[in-house]
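Peer 1: Input upload_12.txt, format and content: compact mmCIF, C-alpha atoms.
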# COMPACT_ATOMS: atom_id res chain seq x y z
CA MET A 1 5.33 -10.05 -9.42
CA GLU A 2 8.80 -8.82 -8.53
CA ILE A 3 9.76 -12.23 -7.10
CA PHE A 4 8.50 -13.99 -10.24
CA ARG A 5 10.45 -11.65 -12.53
CA THR A 6 13.61 -12.10 -10.49
CA SER A 7 13.23 -15.89 -10.55
CA VAL A 8 12.81 -15.89 -14.33
CA THR A 9 15.90 -13.71 -14.73
CA LEU A 10 17.97 -15.98 -12.48
CA LEU A 11 16.84 -19.05 -14.39
CA SER A 12 17.64 -17.48 -17.76
CA ILE A 13 21.10 -16.44 -16.53
CA CYS A 14 21.76 -19.97 -15.28
CA LEU A 15 20.73 -21.49 -18.60
CA PHE A 16 22.49 -18.92 -20.77
CA HIS A 17 25.76 -19.09 -18.84
CA SER A 18 25.91 -22.85 -18.37
CA SER A 19 29.34 -22.78 -20.03
CA LEU A 20 30.90 -20.67 -17.25
CA SER A 21 33.79 -22.00 -15.23
CA GLU A 22 33.05 -23.53 -11.84
CA THR A 23 34.10 -20.37 -10.00
CA GLN A 24 31.87 -18.20 -12.22
CA ASN A 25 28.77 -20.37 -12.43
CA VAL A 26 25.82 -18.76 -10.61
CA CYS A 27 23.94 -22.08 -10.57
CA LYS A 28 26.46 -23.59 -8.17
CA GLY A 29 26.85 -22.70 -4.50
CA THR A 30 25.14 -19.71 -2.91
CA LEU A 31 23.27 -17.19 -5.01
CA PRO A 32 24.99 -13.86 -5.65
CA GLU A 33 23.71 -10.50 -4.54
CA ILE A 34 20.93 -9.07 -6.71
CA LYS A 35 20.88 -5.31 -7.38
CA HIS A 36 17.92 -3.51 -8.98
CA VAL A 37 18.96 -0.22 -10.58
CA ALA A 38 17.35 2.35 -12.85
CA VAL A 39 18.58 3.27 -16.31
CA ASN A 40 21.47 5.79 -16.43
CA SER A 41 22.40 5.20 -12.79
CA ASN A 42 25.58 3.73 -11.30
CA VAL A 43 25.89 0.33 -9.63
CA THR A 44 28.70 -1.16 -7.54
CA VAL A 45 30.06 -4.64 -8.18
CA PRO A 46 32.26 -5.84 -5.26
CA CYS A 47 35.68 -7.40 -5.79
CA PRO A 48 38.15 -9.34 -3.59
CA LEU A 49 40.00 -7.44 -0.89
CA LEU A 50 43.28 -5.74 -1.65
CA SER A 51 45.84 -8.17 -0.19
CA ALA A 52 49.13 -7.41 -1.98
CA THR A 53 51.26 -4.56 -3.30
CA GLU A 54 50.48 -5.25 -6.96
CA MET A 55 47.24 -6.84 -8.09
CA GLU A 56 45.18 -7.16 -11.24
CA PHE A 57 41.38 -7.03 -11.09
CA LYS A 58 39.25 -8.51 -13.86
CA LEU A 59 35.55 -7.95 -14.43
CA PHE A 60 33.44 -10.55 -16.25
CA LYS A 61 30.00 -9.91 -17.72
CA GLY A 62 28.63 -13.38 -17.98
CA SER A 63 31.48 -15.44 -19.45
CA ASP A 64 33.12 -12.48 -21.22
CA GLN A 65 35.87 -10.42 -19.66
CA VAL A 66 34.94 -6.77 -20.19
CA THR A 67 37.83 -5.03 -18.45
CA SER A 68 41.04 -5.53 -16.49
CA ILE A 69 42.81 -2.97 -14.29
CA TYR A 70 46.25 -3.27 -12.72
CA ILE A 71 46.85 -1.71 -9.29
CA LYS A 72 50.28 -0.88 -7.85
CA ILE A 73 50.38 0.45 -4.29
CA ASN A 74 53.02 2.87 -2.97
CA ASP A 75 53.49 4.63 0.34
CA THR A 76 51.80 7.84 -0.81
CA SER A 77 48.68 6.16 -2.15
CA ASN A 78 45.28 7.12 -0.82
CA ASP A 79 41.98 5.82 -2.10
CA ILE A 80 42.32 4.97 -5.80
CA ASN A 81 39.84 5.42 -8.65
CA LYS A 82 41.01 4.03 -11.98
CA ASN A 83 38.97 4.38 -15.13
CA SER A 84 38.59 1.44 -17.46
CA PRO A 85 39.69 2.33 -21.03
CA ASP A 86 37.39 -0.18 -22.77
CA PHE A 87 34.31 -0.38 -20.51
CA PRO A 88 32.22 2.29 -18.68
CA ALA A 89 33.47 1.38 -15.21
CA ILE A 90 35.81 2.60 -12.46
CA LEU A 91 37.86 0.44 -10.14
CA HIS A 92 37.60 1.93 -6.66
CA VAL A 93 40.07 0.93 -3.93
CA LYS A 94 39.39 1.99 -0.34
CA PHE A 95 42.47 1.68 1.86
CA MET A 96 40.57 2.13 5.14
CA ASP A 97 39.33 -1.47 4.93
CA ASN A 98 41.15 -2.62 1.75
CA SER A 99 37.84 -3.10 -0.04
CA THR A 100 37.71 -2.91 -3.83
CA SER A 101 34.86 -2.70 -6.31
CA PHE A 102 34.01 -1.89 -9.90
CA ILE A 103 31.51 0.94 -10.33
CA LEU A 104 29.46 0.57 -13.52
CA LEU A 105 28.61 4.00 -14.93
CA GLY A 106 25.39 5.05 -16.66
CA VAL A 107 23.99 1.56 -17.01
CA THR A 108 21.38 0.64 -19.62
CA THR A 109 19.15 -2.40 -20.01
CA ASN A 110 21.98 -4.14 -21.88
CA PHE A 111 23.95 -4.18 -18.60
CA THR A 112 21.53 -6.69 -17.06
CA ASP A 113 23.67 -9.77 -16.43
CA LEU A 114 25.78 -11.73 -13.98
CA TYR A 115 29.02 -9.96 -13.05
CA THR A 116 32.04 -11.72 -11.55
CA CYS A 117 35.13 -9.97 -10.23
CA GLU A 118 38.41 -11.91 -10.11
CA ALA A 119 41.76 -10.80 -8.71
CA GLU A 120 45.36 -11.97 -9.21
CA ILE A 121 48.38 -11.22 -7.01
CA ASN A 122 51.43 -10.22 -9.10
CA TYR A 123 53.74 -8.98 -6.36
CA PRO A 124 55.15 -10.09 -4.00
CA PRO A 125 55.72 -13.52 -5.55
CA PRO A 126 54.55 -16.11 -6.05
CA PHE A 127 51.99 -15.15 -8.64
CA LYS A 128 48.60 -16.57 -7.65
CA LYS A 129 44.92 -16.12 -8.18
CA VAL A 130 42.69 -15.02 -5.31
CA PRO A 131 40.21 -17.86 -4.65
CA PHE A 132 37.37 -15.55 -3.57
CA THR A 133 35.41 -14.31 -6.62
CA PRO A 134 32.31 -12.32 -5.59
CA GLN A 135 29.36 -12.28 -7.97
CA THR A 136 26.58 -9.76 -8.50
CA ILE A 137 23.44 -9.92 -10.61
CA VAL A 138 22.56 -6.49 -12.00
CA LEU A 139 18.94 -5.97 -13.07
CA VAL A 140 18.47 -2.68 -14.92
CA GLU A 141 14.85 -1.51 -15.04
CA GLU A 142 13.62 1.15 -17.44
CA LYS A 143 10.69 2.42 -15.36
CA GLN A 144 11.78 1.79 -11.80
CA GLU A 145 10.65 5.18 -10.52
CA GLN A 146 7.27 4.92 -12.27
CA THR A 147 6.82 1.44 -10.86
CA ARG A 148 7.45 2.73 -7.35
CA ILE A 149 4.87 5.50 -7.86
CA ASP A 150 2.30 3.00 -9.13
CA LEU A 151 2.95 0.73 -6.16
CA CYS A 152 2.45 3.65 -3.78
CA GLN A 153 -0.81 4.60 -5.51
CA ASN A 154 -2.07 1.04 -5.42
CA GLY A 155 -1.13 0.85 -1.75
CA SER A 156 -3.15 4.01 -0.96
CA HIS A 157 -6.16 2.66 -2.88
CA GLN A 158 -5.95 -0.60 -1.01
CA ALA A 159 -5.85 1.26 2.30
CA LEU A 160 -9.01 3.18 1.36
CA TRP A 161 -10.80 -0.03 0.41
CA VAL A 162 -9.78 -1.66 3.70
CA LEU A 163 -11.06 1.37 5.65
CA PHE A 164 -14.33 1.30 3.71
CA GLY A 165 -14.74 -2.42 4.43
CA ILE A 166 -14.16 -1.92 8.17
CA MET A 167 -16.75 0.87 8.29
CA ALA A 168 -19.29 -1.25 6.37
CA ILE A 169 -18.79 -4.22 8.72
CA TYR A 170 -19.11 -1.96 11.76
CA GLY A 171 -22.35 -0.49 10.44
CA LEU A 172 -23.78 -3.94 9.68
CA VAL A 173 -22.93 -5.27 13.15
CA THR A 174 -24.44 -2.21 14.84
CA THR A 175 -27.65 -2.56 12.82
CA CYS A 176 -27.97 -6.24 13.75
CA ILE A 177 -27.51 -5.46 17.45
CA VAL A 178 -30.20 -2.75 17.35
CA ILE A 179 -32.68 -5.07 15.60
CA ILE A 180 -32.05 -7.88 18.10
CA LEU A 181 -32.56 -5.52 21.05
CA GLN A 182 -35.81 -4.17 19.58
CA ILE A 183 -37.14 -7.71 19.10
CA LYS A 184 -36.28 -8.64 22.69
CA PHE A 185 -37.89 -5.48 24.10
CA SER A 186 -41.04 -6.00 22.05
CA GLN A 187 -41.34 -9.61 23.22
CA THR A 188 -40.86 -8.54 26.86
CA GLY A 189 -43.56 -5.85 26.55
CA THR A 190 -46.04 -8.24 24.94
CA SER A 191 -45.66 -10.87 27.65
CA PHE A 192 -46.15 -8.20 30.33
CA LYS A 193 -49.41 -7.05 28.70
CA ASP A 194 -50.66 -10.64 28.44
CA ARG A 195 -50.16 -11.18 32.16
CA GLU A 196 -52.04 -7.97 32.99
CA CYS A 197 -54.94 -8.97 30.76
CA ARG A 198 -55.20 -12.40 32.37
CA ARG A 199 -55.24 -10.84 35.84
CA LYS A 200 -58.04 -8.42 34.89
CA TRP A 201 -60.07 -11.18 33.31
CA GLN A 202 -59.76 -13.36 36.38
CA GLY A 203 -60.71 -10.43 38.67
CA VAL A 204 -63.93 -9.76 36.75
CA GLN A 205 -65.11 -13.40 36.57
CA HIS A 206 -64.42 -14.30 40.18
CA PRO A 207 -67.39 -12.30 41.79
CA THR A 208 -69.74 -13.62 39.12
CA ARG A 209 -68.94 -17.23 40.04
CA LEU A 210 -69.50 -16.42 43.76
CA GLY A 211 -72.89 -14.83 43.06
CA PHE A 212 -74.03 -17.77 40.99
CA HIS A 213 -73.03 -20.13 43.78
CA LYS A 214 -75.15 -18.28 46.39
CA ASP A 215 -78.24 -18.24 44.21
CA THR A 216 -77.95 -21.93 43.59
CA VAL A 217 -77.71 -22.77 47.31
CA VAL A 218 -80.84 -20.79 48.23
Turn this file's structure into structure tokens for me.

Peer 2:
Amino acid sequence: MEIFRTSVTLLSICLFHSSLSETQNVCKGTLPEIKHVAVNSNVTVPCPLLSATEMEFKLFKGSDQVTSIYIKINDTSNDINKNSPDFPAILHVKFMDNSTSFILLGVTTNFTDLYTCEAEINYPPPFKKVPFTPQTIVLVEEKQEQTRIDLCQNGSHQALWVLFGIMAIYGLVTTCIVIILQIKFSQTGTSFKDRECRRKWQGVQHPTRLGFHKDTVV
């Protein structure tokens, strides 16, 4: 069910955003990362690496640019967190590995979409656009926690049914084995009694035949 819902969402995003530029089109190249998040939680959308002293990072929701943040690095800078004035997001820059990302805050179901992060180098010159533009599909689910609980409950019920089935099969096999053994033992006992009866019958008739033979001769 989850795979089907994800496939439908991907297809709808491809069809709805068919007017995106070639670098932003999810239907071309490799598929972006898909993130399932609950309502009112935060989700991280990765951006290109920090590769210059002054850079501008732009976040696109579908084909619309929702925010743009300018970063200027100096010698005293540590990790940077810059709030977006027009969109509930923070641009986070981590200088340990020069990674950057937008953190979407308190997402709702309206945040479900394809997100693309672009970066431009402003200094040192020349001015140029970073070719790498990572994409992320954000799927916001209203009842994610409840769904997980239901899945766990269904899983426990399935385990009980499997255990019950194994016990029933074991009982059926054991019963069949007992019945087969009883039939074999009964057949063996009957054949033994038949042989004994034949021997006794032959032992009784044999003297009678001898006696009859003597009388006839005389």

Peer 1: I'd like the contact shell of Thr108 of chain A - 9 Å cut-off, only C-alpha atoms, skipping same-chain residues fewer than 5 positions apart - returned as a ChimeraX atom specification.

Peer 2: /A:38-41,140-142

Peer 1: Dump as a list in words all residues having an atom at most 12 Å from (48.3, -14.9, -14.1), computed in the file's coordinates with only C-alpha atoms.

Peer 2: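 Result, sorted by chain then residue number: Met55, Glu56, Phe57, Lys58, Tyr70, Glu118, Ala119, Glu120, Ile121, Asn122, Tyr123, Pro125, Pro126, Phe127, Lys128, Lys129 and Val130 of chain A.
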
Peer 1: Could you tell me how far atom CA of Tyr115 of chain A sits from atom CA of Lys35 of chain A, in Å to one decimal place?

Peer 2: 11.0 Å

Peer 1: Counting only C-alpha atoms, which of A:Leu49, A:Glu33, A:Asp113, A:Asn42 gets nearest to Phe132 of chain A?

Peer 2: A:Leu49

Peer 1: Could you tell me which of A:Thr133, A:Gln182, A:Thr175, A:Asn74 comes closest to Phe60 of chain A if we count all atoms listed in the file?

Peer 2: A:Thr133

Peer 1: Please, what is the axis-aligned box for every listed atom of segment 178-184 of chain A with 5 Å on each side, as centre and edge lengths in Å to one decimal, as AutoDock Vina command-line options?

Peer 2:
--center_x -33.7 --center_y -5.7 --center_z 19.1 --size_x 16.9 --size_y 15.9 --size_z 17.1

Peer 1: Determine the nearest neighbour of Thr109 of chain A from the options A:Leu139, A:Ile69, A:Ala159, A:Cys176, counting all atoms listed in the file.

Peer 2: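 Going through A:Leu139, A:Ile69, A:Ala159, A:Cys176 one by one, the smallest distance to Thr109 of chain A is for A:Leu139.
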
Peer 1: Find the residues around Pro32 of chain A up to 9 Å (all atoms listed in the file counted), leave out those fewer than 4 positions away in its own chain, and share them as a ChimeraX atom specification.

Peer 2: /A:26,114,134-137

Peer 1: Can you tell me how far atom CA of Leu105 of chain A sits from atom CA of Val43 of chain A, in Å to one decimal?

Peer 2: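 According to the coordinates, atom CA of Leu105 of chain A and atom CA of Val43 of chain A are separated by 7.0 Å.
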
Peer 1: Taking (38.1, -4.7, -15.8) in the file's coordinates, which residues come within 10 Å, counting only C-alpha atoms, written as a VMD selection string?

Peer 2: chain A and resid 56 to 61 65 to 70 82 to 91 102 117 to 118

Peer 1: Please measure the separation of atom CA of Asn98 of chain A and atom CA of Pro131 of chain A, giving the value in Å to one decimal.

Peer 2: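 Distance reported for this atom pair: 16.6 Å.
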
Peer 1: Of the candidates A:Thr174, A:Thr44, A:Thr53, A:Ser63, which one gets nearest to Val138 of chain A if we count only C-alpha atoms?

Peer 2: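 The answer is A:Thr44, which sits nearest to Val138 of chain A.
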
Peer 1: Using all atoms listed in the file, which of the listed residues (A:Ser101, A:Val93, A:Asn78, A:Gly62) sits closest to Pro46 of chain A?

Peer 2: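 Among A:Ser101, A:Val93, A:Asn78, A:Gly62, it is A:Ser101 that comes nearest to Pro46 of chain A.
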